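Note: the block below is input-v5.cif and it holds mmCIF, C-alpha atoms.
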```
data_target
#
loop_
_atom_site.label_atom_id
_atom_site.label_comp_id
_atom_site.auth_asym_id
_atom_site.auth_seq_id
_atom_site.Cartn_x
_atom_site.Cartn_y
_atom_site.Cartn_z
CA MET A 91 -16.01 -25.38 1.42
CA CYS A 92 -17.45 -28.86 1.25
CA GLU A 93 -16.81 -31.03 4.27
CA ASN A 94 -18.48 -33.69 6.37
CA GLU A 95 -19.18 -33.48 10.08
CA ASN A 96 -16.26 -35.74 10.97
CA SER A 97 -13.82 -33.51 9.06
CA ARG A 98 -15.02 -30.39 10.85
CA GLN A 99 -14.60 -32.11 14.21
CA LEU A 100 -11.09 -33.16 13.26
CA ILE A 101 -10.23 -29.63 12.15
CA GLU A 102 -11.59 -28.09 15.34
CA GLN A 103 -9.47 -30.49 17.41
CA MET A 104 -6.36 -29.77 15.33
CA ASN A 105 -6.92 -26.02 15.63
CA ALA A 106 -7.19 -26.40 19.40
CA TYR A 107 -4.08 -28.60 19.48
CA TYR A 108 -1.85 -26.20 17.54
CA ASP A 109 -3.04 -23.22 19.54
CA ALA A 110 -2.25 -25.07 22.79
CA ARG A 111 1.05 -26.37 21.38
CA ALA A 112 2.31 -22.96 20.23
CA PRO A 113 4.65 -22.34 23.21
CA TRP A 114 6.43 -25.66 22.53
CA HIS A 115 6.19 -25.76 18.74
CA ASP A 116 9.67 -24.56 17.83
CA GLN A 117 11.22 -26.87 20.40
CA TYR A 118 9.39 -29.83 18.85
CA MET A 119 10.60 -28.82 15.38
CA SER A 120 14.23 -28.35 16.58
CA TYR A 121 14.26 -24.77 15.29
CA GLU A 122 16.47 -23.06 17.86
CA SER A 123 16.58 -19.99 15.61
CA SER A 124 15.66 -18.81 12.13
CA ASP A 125 19.30 -19.00 11.07
CA ARG A 126 19.53 -22.58 12.33
CA MET A 127 16.37 -23.53 10.42
CA GLU A 128 17.79 -22.05 7.21
CA GLU A 129 20.99 -24.00 7.74
CA LEU A 130 19.16 -27.29 8.37
CA LEU A 131 16.79 -26.92 5.43
CA ALA A 132 19.08 -25.11 2.97
CA PRO A 133 18.37 -27.43 -0.02
CA VAL A 134 14.62 -26.89 0.37
CA ILE A 135 14.97 -23.15 0.88
CA ASP A 136 17.21 -22.83 -2.17
CA VAL A 137 14.39 -24.17 -4.36
CA LEU A 138 11.76 -22.09 -2.58
CA GLY A 139 13.81 -18.92 -2.87
CA GLY A 140 13.82 -19.19 -6.63
CA LEU A 141 10.02 -19.23 -6.61
CA VAL A 142 9.21 -16.42 -4.16
CA THR A 143 11.95 -13.80 -4.57
CA ASP A 144 10.45 -10.34 -5.17
CA ARG A 145 6.93 -11.76 -5.39
CA ASN A 146 3.67 -11.25 -3.51
CA VAL A 147 3.13 -14.44 -1.47
CA LEU A 148 0.15 -15.88 0.42
CA GLU A 149 1.17 -18.35 3.12
CA LEU A 150 -1.52 -20.70 4.42
CA ALA A 151 -1.36 -22.10 7.98
CA CYS A 152 1.76 -20.12 8.90
CA GLY A 153 1.91 -21.28 12.52
CA THR A 154 4.56 -19.55 14.62
CA GLY A 155 6.08 -17.86 11.60
CA ASN A 156 9.21 -19.90 10.91
CA TRP A 157 8.54 -20.22 7.19
CA THR A 158 7.04 -16.73 7.15
CA LYS A 159 10.42 -15.36 8.11
CA VAL A 160 12.09 -17.37 5.34
CA LEU A 161 9.61 -15.85 2.90
CA ALA A 162 9.93 -12.34 4.33
CA LYS A 163 13.68 -12.31 3.67
CA ARG A 164 13.06 -12.95 -0.02
CA ALA A 165 9.56 -11.96 -1.10
CA ALA A 166 8.30 -8.47 -1.90
CA MET A 167 5.23 -8.99 0.31
CA VAL A 168 3.93 -11.84 2.47
CA THR A 169 0.38 -12.31 3.72
CA ALA A 170 0.50 -15.10 6.31
CA LEU A 171 -2.69 -16.65 7.64
CA ASP A 172 -3.31 -18.90 10.62
CA LYS A 173 -6.20 -19.79 12.90
CA SER A 174 -4.23 -19.89 16.17
CA PRO A 175 -4.03 -16.62 18.15
CA ARG A 176 -1.10 -17.90 20.23
CA SER A 177 0.85 -18.97 17.16
CA LEU A 178 0.30 -15.58 15.56
CA GLU A 179 1.44 -13.82 18.72
CA ILE A 180 4.74 -15.73 18.56
CA ALA A 181 5.01 -15.02 14.83
CA ARG A 182 4.58 -11.28 15.44
CA THR A 183 7.51 -11.32 17.84
CA LYS A 184 9.72 -13.18 15.36
CA LEU A 185 8.76 -10.87 12.51
CA ALA A 186 9.08 -7.57 14.34
CA GLY A 187 10.81 -5.15 11.99
CA TYR A 188 9.65 -6.84 8.79
CA THR A 189 7.46 -4.25 7.09
CA ASN A 190 6.60 -6.56 4.18
CA VAL A 191 4.59 -9.05 6.28
CA PHE A 192 0.88 -9.02 7.12
CA LEU A 193 -0.25 -11.59 9.69
CA VAL A 194 -3.93 -12.47 9.45
CA GLN A 195 -6.05 -14.64 11.73
CA GLY A 196 -8.14 -16.91 9.56
CA ASP A 197 -9.04 -20.51 8.83
CA ALA A 198 -6.93 -22.06 6.06
CA TYR A 199 -9.64 -24.71 5.66
CA ALA A 200 -12.24 -22.02 4.85
CA LEU A 201 -10.72 -19.44 2.53
CA GLU A 202 -13.86 -17.82 1.16
CA ALA A 203 -13.05 -14.56 2.96
CA VAL A 204 -9.71 -14.20 1.14
CA THR A 205 -10.51 -12.29 -2.04
CA ASP A 206 -7.13 -11.13 -3.35
CA SER A 207 -4.93 -13.10 -5.74
CA TYR A 208 -1.20 -13.68 -5.31
CA ASP A 209 1.97 -14.35 -7.27
CA VAL A 210 2.66 -17.43 -5.13
CA VAL A 211 0.48 -19.51 -2.79
CA PHE A 212 2.61 -21.42 -0.29
CA SER A 213 2.10 -23.75 2.64
CA ALA A 214 4.54 -25.81 4.71
CA ASP A 215 3.61 -28.80 6.86
CA TRP A 216 -0.12 -28.35 6.30
CA TRP A 217 -1.02 -30.71 3.45
CA SER A 218 -0.63 -33.74 5.75
CA HIS A 219 -3.26 -32.29 8.12
CA ILE A 220 -5.95 -31.74 5.49
CA PRO A 221 -8.69 -34.38 5.83
CA ARG A 222 -8.80 -36.40 2.62
CA ASP A 223 -12.35 -35.38 1.68
CA MET A 224 -11.38 -31.68 1.93
CA VAL A 225 -8.34 -31.77 -0.36
CA PRO A 226 -10.37 -31.00 -3.53
CA SER A 227 -11.86 -27.89 -1.93
CA VAL A 228 -8.43 -26.71 -0.79
CA LEU A 229 -7.07 -27.17 -4.31
CA GLU A 230 -10.03 -25.26 -5.76
CA SER A 231 -9.16 -22.41 -3.39
CA THR A 232 -5.54 -22.34 -4.57
CA VAL A 233 -6.79 -21.92 -8.13
CA ARG A 234 -8.87 -18.91 -7.12
CA LEU A 235 -6.18 -17.32 -4.95
CA SER A 236 -3.29 -17.51 -7.42
CA LYS A 237 -2.75 -15.31 -10.44
CA PRO A 238 -2.78 -17.03 -13.85
CA GLY A 239 0.48 -18.85 -14.44
CA SER A 240 1.66 -18.35 -10.87
CA PRO A 241 2.99 -21.25 -8.80
CA VAL A 242 1.37 -22.99 -5.87
CA VAL A 243 3.85 -24.63 -3.50
CA PHE A 244 3.14 -27.30 -0.90
CA LEU A 245 5.91 -28.59 1.35
CA ASP A 246 5.57 -31.38 3.90
CA MET A 247 7.20 -34.36 5.59
CA LEU A 248 7.91 -37.76 4.15
CA PHE A 249 6.84 -40.73 6.22
CA ARG A 250 9.49 -41.62 8.78
CA GLU A 251 9.84 -44.83 10.77
CA ALA A 252 9.52 -42.95 14.05
CA PHE A 253 5.84 -42.40 13.25
CA THR A 254 5.19 -46.14 13.55
CA ASP A 255 5.89 -45.87 17.29
CA GLU A 256 3.19 -43.25 17.83
CA PRO A 257 -0.40 -44.28 18.65
CA SER A 258 -2.54 -43.91 15.53
CA ARG A 259 -5.64 -45.21 13.80
CA TYR A 260 -7.42 -44.84 10.46
CA ASP A 261 -10.89 -43.36 10.18
CA SER A 262 -13.60 -44.30 7.68
CA SER A 263 -12.27 -41.76 5.16
CA GLY A 264 -8.78 -43.23 5.23
CA ASN A 265 -7.20 -40.46 7.29
CA ARG A 266 -4.40 -41.55 9.56
CA ILE A 267 -5.08 -40.01 12.96
CA PHE A 268 -2.42 -39.72 15.64
CA LEU A 269 -2.92 -39.21 19.35
CA ARG A 270 -0.76 -36.31 20.49
CA ARG A 271 -0.03 -35.39 24.11
CA LEU A 272 1.29 -32.00 25.23
CA PRO A 273 3.54 -31.36 28.26
CA ASP A 274 0.51 -30.20 30.26
CA GLY A 275 -1.04 -33.66 29.85
CA SER A 276 -3.76 -32.66 27.38
CA GLU A 277 -4.45 -35.04 24.49
CA TYR A 278 -5.65 -34.38 20.94
CA GLU A 279 -6.28 -36.32 17.76
CA VAL A 280 -4.40 -34.97 14.76
CA VAL A 281 -4.71 -35.95 11.09
CA LYS A 282 -1.33 -36.80 9.59
CA ASN A 283 -1.47 -38.31 6.10
CA PHE A 284 1.61 -39.30 4.11
CA PRO A 285 0.90 -39.45 0.37
CA ASP A 286 3.68 -40.69 -1.89
CA LYS A 287 4.66 -39.04 -5.17
CA ALA A 288 2.18 -41.02 -7.27
CA ALA A 289 -0.72 -40.26 -4.92
CA LEU A 290 0.13 -36.55 -4.85
CA ILE A 291 0.28 -36.27 -8.62
CA ARG A 292 -2.95 -38.24 -9.01
CA THR A 293 -4.70 -35.92 -6.53
CA LEU A 294 -3.35 -32.76 -8.15
CA ALA A 295 -3.97 -33.76 -11.77
CA PRO A 296 -7.53 -32.33 -12.10
CA TYR A 297 -6.39 -28.94 -10.75
CA ALA A 298 -2.77 -28.55 -11.83
CA ASN A 299 -0.51 -28.08 -14.83
CA ASP A 300 3.27 -28.50 -14.88
CA ILE A 301 3.48 -30.50 -11.66
CA ASP A 302 7.06 -30.49 -10.37
CA TYR A 303 7.80 -32.87 -7.50
CA HIS A 304 10.96 -32.54 -5.39
CA GLU A 305 12.05 -35.06 -2.77
CA PHE A 306 14.66 -34.25 -0.16
CA ALA A 307 15.25 -37.70 1.28
CA ALA A 308 18.00 -36.70 3.71
CA LEU A 309 15.69 -34.05 5.16
CA GLU A 310 12.62 -36.34 5.07
CA ARG A 311 10.65 -33.75 3.11
CA TRP A 312 8.87 -33.33 -0.20
CA MET A 313 7.85 -30.27 -2.16
CA VAL A 314 5.37 -30.00 -5.00
CA VAL A 315 5.10 -26.97 -7.29
CA TYR A 316 2.36 -26.52 -9.87
CA SER A 317 0.39 -24.00 -11.90
CA PRO A 318 -3.39 -24.13 -11.33
CA GLN A 319 -5.41 -25.13 -14.39
CA VAL A 320 -7.06 -22.19 -16.11
CA ASN A 321 -10.25 -24.19 -16.73
CA GLN A 322 -10.69 -24.63 -12.96
CA ARG A 323 -10.93 -20.89 -12.36
CA GLU A 324 -14.28 -19.49 -11.37
#
```

Mind turning the file's structure into structure tokens?
Amino acid sequence: MCENENSRQLIEQMNAYYDARAPWHDQYMSYESSDRMEELLAPVIDVLGGLVTDRNVLELACGTGNWTKVLAKRAAMVTALDKSPRSLEIARTKLAGYTNVFLVQGDAYALEAVTDSYDVVFSADWWSHIPRDMVPSVLESTVRLSKPGSPVVFLDMLFREAFTDEPSRYDSSGNRIFLRRLPDGSEYEVVKNFPDKAALIRTLAPYANDIDYHEFAALERWMVVYSPQVNQRE
């Protein structure tokens, strides 16, 4: 996967941040329980359910398994990948008893080792963390990992005014980088980009057919669904 040195450094710091943050992650996201999350995000999950029911799903950057559990209740099979050992440990506890889930430790930014193809490729709250120069390589990977005609689904946050109060800067590649502090006092720099609909569609156009953009303004979230272009397949 093509990347520059700055992007790799950013990714390494984000991987360290989310591994260290794992014990507090659900608290930060206000997900007191899986049922509460489904209640809060019902309009999003209604759309997602129609895409993944009874299908074989690959989830990228699954974190502590909140969305994995949403998928597991609906999909035939879920392969969920994340770099963080501590996040995966929490996910295993949440998903105990689900025999249709495989949790895999791996780097979502470097997917060469994943060789299977899937009915659906899905990721929630990850697009915003992808350094801008690495987005094309990620999209190339989604083409390879999805079966012909199958959907790829990205879900993430809309920009919210609260973000303006957080310390941030822009790097030379145009990434917005936030300073994040954990309860133990440790500090990390985290990429958090907020593309609008036009920017998303422009970025996806070389790799995607049938781009379907959904915006859930009340939930401050967007979802994009597309079919990878056949001519981009290796």

Q: For each of A:Val160, A:Ala186, A:Ala298, A:Ala181, take the minimum atom-to-atom distance to A:Val320, counting all atoms listed in the file, then give the residue where this is smallest.
A: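 Ranked by minimum distance to A:Val320, first place goes to A:Ala298.
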
Q | Distance query A:Lys282 at most 7 Å, all atoms listed in the file, self and fewer than 2 positions along chain excluded, as a VMD selection string | A | chain A and resid 218 to 219 266 to 268 280 284

Pull C-alpha atoms from the residues just selected and write them as an mmCIF file, in the coordinates of the input.
```cif
data_model
loop_
_atom_site.group_PDB
_atom_site.id
_atom_site.type_symbol
_atom_site.label_atom_id
_atom_site.label_comp_id
_atom_site.auth_asym_id
_atom_site.auth_seq_id
_atom_site.Cartn_x
_atom_site.Cartn_y
_atom_site.Cartn_z
ATOM 1 C CA SER A 218 -0.630 -33.740 5.750
ATOM 2 C CA HIS A 219 -3.260 -32.290 8.120
ATOM 3 C CA ARG A 266 -4.400 -41.550 9.560
ATOM 4 C CA ILE A 267 -5.080 -40.010 12.960
ATOM 5 C CA PHE A 268 -2.420 -39.720 15.640
ATOM 6 C CA VAL A 280 -4.400 -34.970 14.760
ATOM 7 C CA PHE A 284 1.610 -39.300 4.110
#
```

Q | Counting only C-alpha atoms, the residue of A:Ser174, A:Trp114, A:Leu100, A:Val137 that sits nearest A:Leu272 | A |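 Of the candidates, the smallest distance to A:Leu272 is held by A:Trp114.
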
Name all residues at most 12 Å from A:Phe244 (count all atoms listed in the file; drop same-chain ones fewer than 5 positions away) and give them as a PDB file with C-alpha atoms, in the coordinates of the input.
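Output file selection32.pdb is given in full below:
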```
ATOM      1  CA  VAL A 134      14.620 -26.890   0.370  1.00  0.00           C
ATOM      2  CA  LEU A 138      11.760 -22.090  -2.580  1.00  0.00           C
ATOM      3  CA  LEU A 148       0.150 -15.880   0.420  1.00  0.00           C
ATOM      4  CA  GLU A 149       1.170 -18.350   3.120  1.00  0.00           C
ATOM      5  CA  LEU A 150      -1.520 -20.700   4.420  1.00  0.00           C
ATOM      6  CA  ALA A 151      -1.360 -22.100   7.980  1.00  0.00           C
ATOM      7  CA  VAL A 210       2.660 -17.430  -5.130  1.00  0.00           C
ATOM      8  CA  VAL A 211       0.480 -19.510  -2.790  1.00  0.00           C
ATOM      9  CA  PHE A 212       2.610 -21.420  -0.290  1.00  0.00           C
ATOM     10  CA  SER A 213       2.100 -23.750   2.640  1.00  0.00           C
ATOM     11  CA  ALA A 214       4.540 -25.810   4.710  1.00  0.00           C
ATOM     12  CA  ASP A 215       3.610 -28.800   6.860  1.00  0.00           C
ATOM     13  CA  TRP A 216      -0.120 -28.350   6.300  1.00  0.00           C
ATOM     14  CA  TRP A 217      -1.020 -30.710   3.450  1.00  0.00           C
ATOM     15  CA  SER A 218      -0.630 -33.740   5.750  1.00  0.00           C
ATOM     16  CA  ILE A 220      -5.950 -31.740   5.490  1.00  0.00           C
ATOM     17  CA  VAL A 228      -8.430 -26.710  -0.790  1.00  0.00           C
ATOM     18  CA  LEU A 229      -7.070 -27.170  -4.310  1.00  0.00           C
ATOM     19  CA  THR A 232      -5.540 -22.340  -4.570  1.00  0.00           C
ATOM     20  CA  LEU A 290       0.130 -36.550  -4.850  1.00  0.00           C
ATOM     21  CA  LEU A 294      -3.350 -32.760  -8.150  1.00  0.00           C
ATOM     22  CA  ILE A 301       3.480 -30.500 -11.660  1.00  0.00           C
ATOM     23  CA  ASP A 302       7.060 -30.490 -10.370  1.00  0.00           C
ATOM     24  CA  TYR A 303       7.800 -32.870  -7.500  1.00  0.00           C
ATOM     25  CA  HIS A 304      10.960 -32.540  -5.390  1.00  0.00           C
ATOM     26  CA  GLU A 305      12.050 -35.060  -2.770  1.00  0.00           C
ATOM     27  CA  ARG A 311      10.650 -33.750   3.110  1.00  0.00           C
ATOM     28  CA  TRP A 312       8.870 -33.330  -0.200  1.00  0.00           C
ATOM     29  CA  MET A 313       7.850 -30.270  -2.160  1.00  0.00           C
ATOM     30  CA  VAL A 314       5.370 -30.000  -5.000  1.00  0.00           C
ATOM     31  CA  VAL A 315       5.100 -26.970  -7.290  1.00  0.00           C
ATOM     32  CA  TYR A 316       2.360 -26.520  -9.870  1.00  0.00           C
ATOM     33  CA  SER A 317       0.390 -24.000 -11.900  1.00  0.00           C
TER      34      SER A 317
END
```

Q: Could you please determine the separation between atom CA of A:Glu179 and atom CA of A:Gln195 in Å, to one decimal place?
A: 10.3 Å

Q: Go ahead and find all residues with at least one atom no further than 12 Å from (-6.9, -24.9, 21.9) in the file's coordinates, using all atoms listed in the file; report them as an NGL selection string.
A: :A and (101-113 or 173-177 or 272 or 276-278)

Q.
Here is a test: counting all atoms listed in the file, which residue of A:Val204, A:Ala165, A:Ala307, A:Ala170 is nearest to A:Gly140?
A.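 Among A:Val204, A:Ala165, A:Ala307, A:Ala170, it is A:Ala165 that comes nearest to A:Gly140.
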
Q) Mind pulling up the distance from atom CA of A:Asp125 to atom CA of A:Val194? A)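 The value is 24.2 Å.
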
**Q.** Point-to-point distance from atom CA of A:Leu161 to atom CA of A:Val142, Å rounded to tenths
**A.** 7.1 Å

(Q) Could you list, as a ChimeraX atom specification, every residue within 8 Å of A:Tyr188, counting only C-alpha atoms and ignoring same-chain residues fewer than 3 positions away? (A) /A:162,185,191

Q | Evaluate the PyMOL selection byres ((chain A and resi 131) around 12) and report residues as a list in words | A |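 Checking the PyMOL selection byres ((chain A and resi 131) around 12) against this file, the residues are Met119, Ser120, Tyr121, Ser124, Asp125, Arg126, Met127, Glu128, Glu129, Leu130, Ala132, Pro133, Val134, Ile135, Asp136, Val137, Leu138, Gly139, Asn156, Trp157, Val160, Leu245, Phe306, Ala307, Ala308, Leu309, Glu310, Arg311 and Trp312 of chain A.
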
**Q.** Explicit residue set for the PyMOL selection byres ((chain A and resi 224) around 12), as an NGL selection string
**A.** :A and (91-98 or 100-101 or 198-200 or 217-223 or 225-231 or 263 or 265 or 293)

Q.
Using all atoms listed in the file, can you tell me which of A:Gly239, A:Pro273, A:Pro257, A:Gly264 comes closest to A:Asn299?
A. A:Gly239
